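Below is start-v8.txt, holding compact mmCIF, C-alpha atoms.
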# COMPACT_ATOMS: atom_id res chain seq x y z
CA MET A 7 -13.14 -59.34 78.02
CA THR A 8 -14.17 -55.82 77.06
CA ASP A 9 -17.83 -54.87 77.28
CA PRO A 10 -19.80 -56.45 74.42
CA GLN A 11 -20.98 -54.13 71.66
CA THR A 12 -23.89 -56.18 70.31
CA TRP A 13 -25.21 -57.28 73.73
CA ARG A 14 -26.11 -55.46 76.94
CA VAL A 15 -25.52 -57.17 80.27
CA LEU A 16 -28.71 -57.14 82.35
CA GLY A 17 -27.48 -58.79 85.52
CA ASN A 18 -25.00 -61.07 87.31
CA ALA A 19 -22.17 -59.94 85.06
CA ASP A 20 -19.53 -62.18 86.67
CA ALA A 21 -21.55 -65.41 86.80
CA GLN A 22 -19.98 -68.55 85.35
CA GLU A 23 -22.83 -69.23 82.89
CA ARG A 24 -24.83 -67.01 80.61
CA VAL A 25 -28.37 -66.69 79.33
CA LEU A 26 -28.78 -64.96 75.96
CA ALA A 27 -31.99 -63.02 75.32
CA VAL A 28 -33.06 -61.87 71.85
CA ASP A 29 -35.49 -59.01 71.44
CA PHE A 30 -35.70 -55.61 69.77
CA ASP A 31 -35.97 -53.37 72.81
CA ALA A 32 -36.67 -49.73 72.00
CA THR A 33 -37.81 -46.81 74.11
CA GLY A 34 -41.56 -46.28 74.29
CA ARG A 35 -42.77 -49.83 73.71
CA ALA A 36 -45.71 -51.05 75.77
CA GLU A 37 -44.54 -54.67 76.08
CA GLY A 38 -42.52 -55.91 79.00
CA ARG A 39 -38.79 -56.23 78.45
CA PHE A 40 -36.11 -58.73 79.28
CA THR A 41 -34.86 -56.12 81.75
CA ASP A 42 -38.12 -56.74 83.63
CA LEU A 43 -37.61 -60.49 83.55
CA ALA A 44 -33.97 -60.16 84.64
CA SER A 45 -35.00 -57.92 87.53
CA GLY A 46 -37.57 -60.47 88.66
CA LEU A 47 -35.07 -63.32 88.42
CA GLY A 48 -32.46 -61.45 90.47
CA ASP A 49 -30.22 -63.96 92.24
CA LEU A 50 -32.67 -66.82 91.67
CA LEU A 51 -30.94 -67.54 88.38
CA PRO A 52 -27.16 -67.37 88.91
CA CYS A 53 -26.37 -66.56 85.28
CA SER A 54 -25.12 -63.50 83.49
CA ILE A 55 -28.01 -62.35 81.28
CA TRP A 56 -27.08 -60.81 77.93
CA GLU A 57 -29.67 -59.12 75.72
CA THR A 58 -29.21 -58.17 72.08
CA ILE A 59 -28.71 -54.46 71.40
CA PRO A 60 -30.63 -53.03 68.42
CA GLN A 61 -28.09 -52.47 65.66
CA GLU A 62 -27.90 -49.64 63.17
CA ALA A 63 -29.49 -50.35 59.81
CA GLY A 64 -26.92 -52.24 57.75
CA THR A 65 -25.29 -53.92 60.78
CA GLY A 66 -26.33 -56.75 63.07
CA ALA A 67 -29.81 -57.84 62.08
CA GLY A 68 -29.73 -56.72 58.47
CA ASP A 69 -26.32 -58.25 57.64
CA ALA A 70 -26.08 -61.42 55.58
CA ASP A 71 -25.64 -63.40 58.82
CA PRO A 72 -26.74 -61.38 61.85
CA VAL A 73 -26.70 -64.46 64.07
CA GLU A 74 -22.99 -64.99 63.50
CA ARG A 75 -22.28 -61.35 64.34
CA TRP A 76 -23.94 -61.81 67.74
CA LEU A 77 -22.14 -65.11 68.31
CA GLU A 78 -18.70 -63.60 67.72
CA GLU A 79 -18.84 -61.83 71.08
CA VAL A 80 -20.37 -64.87 72.77
CA ALA A 81 -17.42 -66.98 71.58
CA ALA A 82 -14.92 -64.33 72.65
CA ASP A 83 -16.36 -64.32 76.17
CA GLY A 84 -15.90 -68.07 76.43
CA ARG A 85 -18.39 -68.90 79.20
CA PRO A 86 -21.03 -71.57 78.45
CA VAL A 87 -24.56 -70.53 77.60
CA ARG A 88 -27.20 -72.27 79.72
CA ALA A 89 -30.22 -70.97 77.81
CA VAL A 90 -31.34 -68.78 74.93
CA PHE A 91 -34.51 -66.71 75.29
CA GLY A 92 -36.50 -65.11 72.49
CA PHE A 93 -39.48 -62.77 72.55
CA CYS A 94 -41.83 -62.42 69.58
CA VAL A 95 -39.72 -62.31 66.36
CA GLY A 96 -36.68 -62.58 68.60
CA GLY A 97 -37.66 -66.24 68.86
CA VAL A 98 -36.58 -66.70 65.24
CA TYR A 99 -33.05 -65.51 66.00
CA ALA A 100 -33.00 -67.30 69.37
CA GLY A 101 -33.65 -70.62 67.65
CA ALA A 102 -30.79 -70.09 65.20
CA ILE A 103 -28.44 -69.06 68.01
CA ALA A 104 -29.35 -72.10 70.10
CA GLN A 105 -28.79 -74.47 67.18
CA ARG A 106 -25.32 -73.09 66.48
CA LEU A 107 -24.34 -73.10 70.14
CA ALA A 108 -25.44 -76.75 70.42
CA ALA A 109 -22.69 -77.59 67.92
CA ARG A 110 -20.07 -75.42 69.62
CA GLN A 111 -20.33 -76.15 73.33
CA GLU A 112 -20.38 -79.33 75.39
CA GLN A 113 -24.06 -79.11 76.38
CA ALA A 114 -26.80 -77.66 74.18
CA PRO A 115 -28.50 -74.62 75.71
CA ALA A 116 -32.17 -74.70 76.62
CA LEU A 117 -34.36 -72.73 74.23
CA VAL A 118 -37.19 -70.78 75.91
CA LEU A 119 -39.47 -68.67 73.73
CA PHE A 120 -42.11 -66.15 74.72
CA ASP A 121 -44.93 -65.77 72.18
CA PRO A 122 -42.58 -66.57 69.28
CA GLU A 123 -43.60 -65.20 65.91
CA GLN A 124 -42.28 -65.76 62.41
CA SER A 125 -41.50 -62.70 60.34
CA GLY A 126 -43.19 -61.85 57.07
CA PRO A 127 -44.94 -59.01 55.21
CA LEU A 128 -47.90 -59.10 57.57
CA THR A 129 -45.51 -58.73 60.52
CA LEU A 130 -43.95 -55.63 58.97
CA TYR A 131 -47.35 -54.17 58.24
CA SER A 132 -48.77 -54.81 61.71
CA GLN A 133 -45.66 -53.47 63.42
CA PHE A 134 -45.91 -50.29 61.36
CA HIS A 135 -49.44 -49.86 62.70
CA LYS A 136 -48.17 -50.23 66.27
CA VAL A 137 -45.71 -47.42 65.63
CA LEU A 138 -48.41 -45.33 63.98
CA ASP A 139 -50.67 -45.84 67.00
CA SER A 140 -47.86 -44.65 69.27
CA MET A 141 -47.69 -41.37 67.31
CA SER A 142 -51.45 -40.82 67.04
CA ALA A 143 -51.60 -38.30 69.89
CA LEU A 144 -49.24 -36.04 67.92
CA LEU A 145 -51.00 -36.42 64.56
CA SER A 146 -54.29 -35.16 63.25
CA ALA A 147 -56.98 -37.67 62.32
CA GLU A 148 -56.34 -36.84 58.66
CA GLU A 149 -52.59 -37.45 58.97
CA THR A 150 -53.15 -40.76 60.74
CA ALA A 151 -55.70 -41.88 58.14
CA GLN A 152 -53.40 -40.92 55.26
CA ALA A 153 -50.49 -42.88 56.73
CA ALA A 154 -52.70 -45.91 57.33
CA ASP A 155 -53.98 -45.74 53.75
CA GLU A 156 -50.45 -45.46 52.32
CA ALA A 157 -49.29 -48.40 54.44
CA ARG A 158 -52.25 -50.50 53.30
CA ARG A 159 -51.50 -49.79 49.64
CA ALA A 160 -47.84 -50.67 50.20
CA HIS A 161 -48.81 -53.96 51.81
CA GLU A 162 -51.11 -54.78 48.91
CA GLN A 163 -48.52 -53.83 46.30
CA HIS A 164 -45.31 -55.40 47.63
CA THR A 165 -44.85 -59.12 48.19
CA THR A 166 -41.16 -59.00 49.15
CA MET A 167 -39.97 -57.91 52.58
CA ALA A 168 -37.27 -55.58 51.25
CA ALA A 169 -39.62 -53.63 48.99
CA LEU A 170 -42.35 -53.41 51.62
CA GLY A 171 -39.87 -52.38 54.29
CA ALA A 172 -38.46 -49.59 52.11
CA GLU A 173 -41.95 -48.30 51.31
CA LEU A 174 -43.09 -48.37 54.95
CA LEU A 175 -39.93 -46.57 56.00
CA ASP A 176 -40.75 -43.81 53.51
CA VAL A 177 -44.29 -43.59 54.89
CA TYR A 178 -42.88 -43.40 58.40
CA ARG A 179 -40.53 -40.54 57.51
CA ARG A 180 -43.32 -38.51 55.92
CA THR A 181 -45.75 -39.20 58.74
CA ALA A 182 -43.33 -38.66 61.61
CA LYS A 183 -42.02 -35.29 60.38
CA PRO A 184 -45.03 -33.21 61.54
CA ALA A 185 -45.04 -35.11 64.84
CA PHE A 186 -41.37 -34.39 65.39
CA ASP A 187 -41.89 -30.75 64.43
CA ARG A 188 -44.66 -30.41 67.02
CA LEU A 189 -42.29 -31.81 69.63
CA GLU A 190 -39.68 -29.29 68.44
CA LEU A 191 -37.06 -32.01 67.97
CA ASP A 192 -33.86 -30.98 66.23
CA ASP A 193 -32.54 -32.77 63.14
CA ARG A 194 -30.12 -34.92 65.11
CA ARG A 195 -32.79 -36.30 67.42
CA THR A 196 -35.19 -36.79 64.51
CA GLU A 197 -32.58 -38.86 62.67
CA GLU A 198 -31.86 -40.92 65.78
CA ILE A 199 -35.51 -41.89 66.20
CA THR A 200 -35.91 -42.61 62.48
CA ALA A 201 -32.77 -44.77 62.58
CA VAL A 202 -34.31 -46.92 65.32
CA PHE A 203 -37.34 -47.63 63.15
CA ALA A 204 -35.09 -48.35 60.15
CA SER A 205 -33.11 -50.77 62.29
CA PHE A 206 -36.32 -52.49 63.38
CA VAL A 207 -37.38 -52.89 59.76
CA GLY A 208 -33.99 -54.49 59.02
CA TYR A 209 -34.41 -56.79 62.01
CA LEU A 210 -37.76 -58.04 60.70
CA ILE A 211 -36.51 -58.40 57.13
CA ALA A 212 -33.47 -60.46 58.17
CA ALA A 213 -35.62 -62.69 60.39
CA ALA A 214 -37.80 -63.58 57.41
CA ASP A 215 -34.81 -65.35 55.83
CA ILE A 216 -34.46 -67.77 58.77
CA ASP A 217 -36.56 -70.93 59.07
CA PRO A 218 -37.10 -71.23 62.83
CA LEU A 219 -39.36 -74.28 62.84
CA PRO A 220 -36.67 -77.00 63.24
CA ALA A 221 -35.28 -75.23 66.31
CA TRP A 222 -38.73 -74.52 67.71
CA ARG A 223 -39.48 -78.25 67.75
CA GLU A 224 -36.99 -78.47 70.64
CA ALA A 225 -38.14 -75.33 72.46
CA VAL A 226 -40.19 -74.62 75.55
CA VAL A 227 -42.74 -72.01 74.50
CA VAL A 228 -44.54 -69.73 76.94
CA THR A 229 -47.82 -68.68 75.32
CA SER A 230 -49.80 -65.67 76.50
CA SER A 231 -53.57 -65.30 76.58
CA SER A 232 -53.59 -62.77 73.71
CA PRO A 233 -55.45 -64.36 70.77
CA THR A 234 -53.31 -62.87 68.00
CA SER A 235 -49.87 -63.27 69.59
CA GLY A 236 -47.32 -66.05 69.22
CA LEU A 237 -48.67 -69.55 68.69
CA ASN A 238 -52.21 -68.27 69.25
CA GLY A 239 -51.86 -66.06 66.19
CA SER A 240 -50.45 -68.95 64.16
CA ARG A 241 -53.38 -71.16 65.12
CA ALA A 242 -55.82 -68.38 64.22
CA ALA A 243 -54.19 -68.43 60.77
CA SER A 244 -54.68 -72.22 60.60
CA GLN A 245 -50.96 -72.90 61.07
CA ASP A 246 -50.22 -75.40 63.85
CA ILE A 247 -46.54 -75.10 64.75
CA ALA A 248 -44.85 -78.03 66.49
CA VAL A 249 -42.85 -77.14 69.62
CA GLY A 250 -41.10 -79.21 72.25
CA ARG A 251 -43.36 -78.11 75.09
CA GLU A 252 -45.94 -75.38 75.43
CA LEU A 253 -46.83 -73.61 78.67
CA ARG A 254 -49.97 -71.50 78.42
CA VAL A 255 -50.31 -68.69 80.94
CA ASP A 256 -53.23 -66.41 81.70
CA VAL A 257 -51.19 -63.29 81.03
CA PRO A 258 -51.58 -60.87 78.09
CA HIS A 259 -48.75 -60.59 75.58
CA VAL A 260 -47.89 -57.08 76.72
CA ASP A 261 -47.14 -58.31 80.27
CA LEU A 262 -45.49 -61.63 79.48
CA LEU A 263 -41.93 -60.63 80.39
CA ARG A 264 -42.88 -58.77 83.56
CA ASP A 265 -45.34 -61.18 85.13
CA PRO A 266 -44.11 -62.71 88.44
CA GLY A 267 -45.69 -66.07 87.62
CA VAL A 268 -43.80 -66.24 84.33
CA THR A 269 -40.60 -65.35 86.18
CA ARG A 270 -41.12 -68.28 88.56
CA THR A 271 -41.79 -70.56 85.62
CA VAL A 272 -38.52 -69.56 83.98
CA THR A 273 -36.60 -70.20 87.20
CA GLU A 274 -38.12 -73.68 87.48
CA LEU A 275 -37.42 -74.48 83.84
CA LEU A 276 -33.77 -73.59 83.97
CA GLY A 277 -33.29 -75.16 87.37
CA ALA A 278 -34.59 -78.41 85.92
CA ASP A 279 -32.29 -78.09 82.90
CA ARG A 280 -29.20 -77.47 84.99
CA PRO A 281 -26.79 -80.44 85.10
CA ALA A 282 -26.81 -82.39 88.37
Please rewrite the model in this file as C-alpha cells.
Amino acid sequence: MTDPQTWRVLGNADAQERVLAVDFDATGRAEGRFTDLASGLGDLLPCSIWETIPQEAGTGAGDADPVERWLEEVAADGRPVRAVFGFCVGGVYAGAIAQRLAARQEQAPALVLFDPEQSGPLTLYSQFHKVLDSMSALLSAEETAQAADEARRAHEQHTTMAALGAELLDVYRRTAKPAFDRLELDDRRTEEITAVFASFVGYLIAAADIDPLPAWREAVVVTSSSPTSGLNGSRAASQDIAVGRELRVDVPHVDLLRDPGVTRTVTELLGADRPA
C-alpha cells in the first residue's frame, strides 16, 4: 500500500504484524516518545510499529469519529495488529481502537497503556500550563502571570471542553505572539506552531467524548512513579480505575517510554501474548 497519511512507521516496515501506538507527539516535549520505545525494541519485537500523526484541527482527532479515520488505513494495509499502545490521553483512543479491532480480526490485539489518562477540562487546563512553562524563557514574568491568570479564569468560567478549548487557544495566541516576535519567526512559521497547539486542543476535546473504562478493564497498564500521572493521578483524585493488570515501575512519567526496563517489559508482554 501507499505510505499511510494518519500514521508514521517507526520501524520494521515490512513485518507481518503491526503494533499501533497512539500519542500526540510534537516537537519540544519533554516526555519520551514512542520513537524512543521503538528504537529500544529494535528487532526484539518483529512487528511494524505505526504511530498516530497529529492531525490538523478539524481532521483526525477532532472529527466526529477520529478512531475510524485512523482505522481506515489500518484496514487498507490488511496485516493483523498484535497490540495497541497508548500514552497518557492516547490511552483513551488506544482502548477504542483495540475494541474495534477485536471485532474485525481473528485475534484481539493486546492493549498496553502507559500512564493512561482520561480527558476533561482539568486536562486541557494543565496541558495549557505545560505549554506556557515551555515558553516562559521567552516571556516576561508579567506576560507569564497574565496568561496564567487568563487561563485560570477560563477554567473557572467554562464547564464544556469546546468552550474552554476555544478560550485557551485565544489565550495561547495572545501570549505566544511576543515570544514568536522575539524569535523573529515569520507569519508562516507562527501559524504552523499555533496550528499544532490547536490540533492538540482538538485531540483532547475529542478524547473527552470517549468512555475508555470498558476497554481499560482488559488492558495491561504500566504506571510510572509520578504521583499525578496516569492511574496515580486518578487515585489522588479518589477515583480507582479497574484495569486488567497493572505494572508499577520506578520510573518518572517523563521517562516512561525511553526507559530500558520498560522496553524489556513490553517485549516480555507481547512475547507472552503471541500465539504459540
For Leu189 in chain A, which residue among A:Leu144, A:Ala114, A:Thr229, A:Leu210 is the nearest when counting only C-alpha atoms? A:Leu144
If you count all atoms listed in the file, which residues fall within 10 Å of range 95-111 of chain A, apart from same-chain ones fewer than 2 positions away, as an MDAnalysis selection string? chainID A and resid 26:30 58 67 72:74 76:77 80:81 84:93 113:126 129 209:210 212:225 227 236
Output C-alpha atoms of each residue in that selection to a file, as a PDB file, in the coordinates of the input.
ATOM      1  CA  LEU A  26     -28.780 -64.960  75.960  1.00  0.00           C
ATOM      2  CA  ALA A  27     -31.990 -63.020  75.320  1.00  0.00           C
ATOM      3  CA  VAL A  28     -33.060 -61.870  71.850  1.00  0.00           C
ATOM      4  CA  ASP A  29     -35.490 -59.010  71.440  1.00  0.00           C
ATOM      5  CA  PHE A  30     -35.700 -55.610  69.770  1.00  0.00           C
ATOM      6  CA  THR A  58     -29.210 -58.170  72.080  1.00  0.00           C
ATOM      7  CA  ALA A  67     -29.810 -57.840  62.080  1.00  0.00           C
ATOM      8  CA  PRO A  72     -26.740 -61.380  61.850  1.00  0.00           C
ATOM      9  CA  VAL A  73     -26.700 -64.460  64.070  1.00  0.00           C
ATOM     10  CA  GLU A  74     -22.990 -64.990  63.500  1.00  0.00           C
ATOM     11  CA  TRP A  76     -23.940 -61.810  67.740  1.00  0.00           C
ATOM     12  CA  LEU A  77     -22.140 -65.110  68.310  1.00  0.00           C
ATOM     13  CA  VAL A  80     -20.370 -64.870  72.770  1.00  0.00           C
ATOM     14  CA  ALA A  81     -17.420 -66.980  71.580  1.00  0.00           C
ATOM     15  CA  GLY A  84     -15.900 -68.070  76.430  1.00  0.00           C
ATOM     16  CA  ARG A  85     -18.390 -68.900  79.200  1.00  0.00           C
ATOM     17  CA  PRO A  86     -21.030 -71.570  78.450  1.00  0.00           C
ATOM     18  CA  VAL A  87     -24.560 -70.530  77.600  1.00  0.00           C
ATOM     19  CA  ARG A  88     -27.200 -72.270  79.720  1.00  0.00           C
ATOM     20  CA  ALA A  89     -30.220 -70.970  77.810  1.00  0.00           C
ATOM     21  CA  VAL A  90     -31.340 -68.780  74.930  1.00  0.00           C
ATOM     22  CA  PHE A  91     -34.510 -66.710  75.290  1.00  0.00           C
ATOM     23  CA  GLY A  92     -36.500 -65.110  72.490  1.00  0.00           C
ATOM     24  CA  PHE A  93     -39.480 -62.770  72.550  1.00  0.00           C
ATOM     25  CA  GLN A 113     -24.060 -79.110  76.380  1.00  0.00           C
ATOM     26  CA  ALA A 114     -26.800 -77.660  74.180  1.00  0.00           C
ATOM     27  CA  PRO A 115     -28.500 -74.620  75.710  1.00  0.00           C
ATOM     28  CA  ALA A 116     -32.170 -74.700  76.620  1.00  0.00           C
ATOM     29  CA  LEU A 117     -34.360 -72.730  74.230  1.00  0.00           C
ATOM     30  CA  VAL A 118     -37.190 -70.780  75.910  1.00  0.00           C
ATOM     31  CA  LEU A 119     -39.470 -68.670  73.730  1.00  0.00           C
ATOM     32  CA  PHE A 120     -42.110 -66.150  74.720  1.00  0.00           C
ATOM     33  CA  ASP A 121     -44.930 -65.770  72.180  1.00  0.00           C
ATOM     34  CA  PRO A 122     -42.580 -66.570  69.280  1.00  0.00           C
ATOM     35  CA  GLU A 123     -43.600 -65.200  65.910  1.00  0.00           C
ATOM     36  CA  GLN A 124     -42.280 -65.760  62.410  1.00  0.00           C
ATOM     37  CA  SER A 125     -41.500 -62.700  60.340  1.00  0.00           C
ATOM     38  CA  GLY A 126     -43.190 -61.850  57.070  1.00  0.00           C
ATOM     39  CA  THR A 129     -45.510 -58.730  60.520  1.00  0.00           C
ATOM     40  CA  TYR A 209     -34.410 -56.790  62.010  1.00  0.00           C
ATOM     41  CA  LEU A 210     -37.760 -58.040  60.700  1.00  0.00           C
ATOM     42  CA  ALA A 212     -33.470 -60.460  58.170  1.00  0.00           C
ATOM     43  CA  ALA A 213     -35.620 -62.690  60.390  1.00  0.00           C
ATOM     44  CA  ALA A 214     -37.800 -63.580  57.410  1.00  0.00           C
ATOM     45  CA  ASP A 215     -34.810 -65.350  55.830  1.00  0.00           C
ATOM     46  CA  ILE A 216     -34.460 -67.770  58.770  1.00  0.00           C
ATOM     47  CA  ASP A 217     -36.560 -70.930  59.070  1.00  0.00           C
ATOM     48  CA  PRO A 218     -37.100 -71.230  62.830  1.00  0.00           C
ATOM     49  CA  LEU A 219     -39.360 -74.280  62.840  1.00  0.00           C
ATOM     50  CA  PRO A 220     -36.670 -77.000  63.240  1.00  0.00           C
ATOM     51  CA  ALA A 221     -35.280 -75.230  66.310  1.00  0.00           C
ATOM     52  CA  TRP A 222     -38.730 -74.520  67.710  1.00  0.00           C
ATOM     53  CA  ARG A 223     -39.480 -78.250  67.750  1.00  0.00           C
ATOM     54  CA  GLU A 224     -36.990 -78.470  70.640  1.00  0.00           C
ATOM     55  CA  ALA A 225     -38.140 -75.330  72.460  1.00  0.00           C
ATOM     56  CA  VAL A 227     -42.740 -72.010  74.500  1.00  0.00           C
ATOM     57  CA  GLY A 236     -47.320 -66.050  69.220  1.00  0.00           C
TER      58      GLY A 236
END
With all atoms listed in the file as the basis for distance, which of A:Ser54, A:Ser132, A:Ser146, A:Ser231 is at the shortest distance from His161 in chain A?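 Smallest distance to His161 in chain A is found for A:Ser132.
What separates CA of Arg75 in chain A from CA of Phe40 in chain A is a distance of 20.5 Å.
CA of Glu37 in chain A lies 23.3 Å from CA of Thr196 in chain A.
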Between A:Glu198, A:Asp42, A:Asp31, A:Asp20, which has the minimum distance to Val268 in chain A (counting all atoms listed in the file)? A:Asp42
Residue among A:Leu191, A:Ala82, A:Leu47, A:Ala160 lying closest to Leu263 in chain A, counting all atoms listed in the file: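 Closest to Leu263 in chain A, using all atoms listed in the file: A:Leu47.
Residues with any atom within 10 Å of Thr234 in chain A, counting all atoms listed in the file and excluding same-chain neighbours fewer than 6 positions away, are A:Asp121, A:Ser240, A:Arg241, A:Ala242, A:Ala243, A:His259.
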Might you pull out every residue within 9 Å of Asp49 in chain A, with all atoms listed in the file counted and same-chain residues fewer than 4 positions away left off, and present them as a count of residues only? 3
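In this model, the gap between CA of Arg24 in chain A and CA of Glu252 in chain A comes to 23.3 Å.
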Polymer residues at most 12 Å from (-38.7, -73.7, 86.0) by only C-alpha atoms, as a list in words: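 Collected hits near the coordinates: Leu47, Leu50, Leu51, Ala116, Val118, Val226, Val228, Leu253, Gly267, Val268, Thr269, Arg270, Thr271, Val272, Thr273, Glu274, Leu275, Leu276, Gly277, Ala278, Asp279 and Arg280 of chain A.
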How would the residues just chosen look if you wrote them out with C-alpha atoms as an mmCIF file, keeping the file's coordinate frame?
data_model
loop_
_atom_site.group_PDB
_atom_site.id
_atom_site.type_symbol
_atom_site.label_atom_id
_atom_site.label_comp_id
_atom_site.auth_asym_id
_atom_site.auth_seq_id
_atom_site.Cartn_x
_atom_site.Cartn_y
_atom_site.Cartn_z
ATOM 1 C CA LEU A 47 -35.070 -63.320 88.420
ATOM 2 C CA LEU A 50 -32.670 -66.820 91.670
ATOM 3 C CA LEU A 51 -30.940 -67.540 88.380
ATOM 4 C CA ALA A 116 -32.170 -74.700 76.620
ATOM 5 C CA VAL A 118 -37.190 -70.780 75.910
ATOM 6 C CA VAL A 226 -40.190 -74.620 75.550
ATOM 7 C CA VAL A 228 -44.540 -69.730 76.940
ATOM 8 C CA LEU A 253 -46.830 -73.610 78.670
ATOM 9 C CA GLY A 267 -45.690 -66.070 87.620
ATOM 10 C CA VAL A 268 -43.800 -66.240 84.330
ATOM 11 C CA THR A 269 -40.600 -65.350 86.180
ATOM 12 C CA ARG A 270 -41.120 -68.280 88.560
ATOM 13 C CA THR A 271 -41.790 -70.560 85.620
ATOM 14 C CA VAL A 272 -38.520 -69.560 83.980
ATOM 15 C CA THR A 273 -36.600 -70.200 87.200
ATOM 16 C CA GLU A 274 -38.120 -73.680 87.480
ATOM 17 C CA LEU A 275 -37.420 -74.480 83.840
ATOM 18 C CA LEU A 276 -33.770 -73.590 83.970
ATOM 19 C CA GLY A 277 -33.290 -75.160 87.370
ATOM 20 C CA ALA A 278 -34.590 -78.410 85.920
ATOM 21 C CA ASP A 279 -32.290 -78.090 82.900
ATOM 22 C CA ARG A 280 -29.200 -77.470 84.990
#
Counting all atoms listed in the file, the residue of A:Arg180, A:Pro60, A:Trp13, A:Tyr131 that sits nearest Arg159 in chain A: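 Distance minimum relative to Arg159 in chain A lands on A:Tyr131.
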Identify which of the residues A:Thr181, A:Ser45, A:Gln11, A:Gln22 lies closest to Glu156 in chain A, counting only C-alpha atoms when measuring atom-to-atom distances. A:Thr181
Nearby residues (only C-alpha atoms) at most 8 Å from Pro258 in chain A, same-chain spacing under 3 positions excluded, as a list of chain:residue names: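 Everything that qualifies: A:Ser230, A:Ser231, A:Ser232, A:Asp261, A:Leu262.
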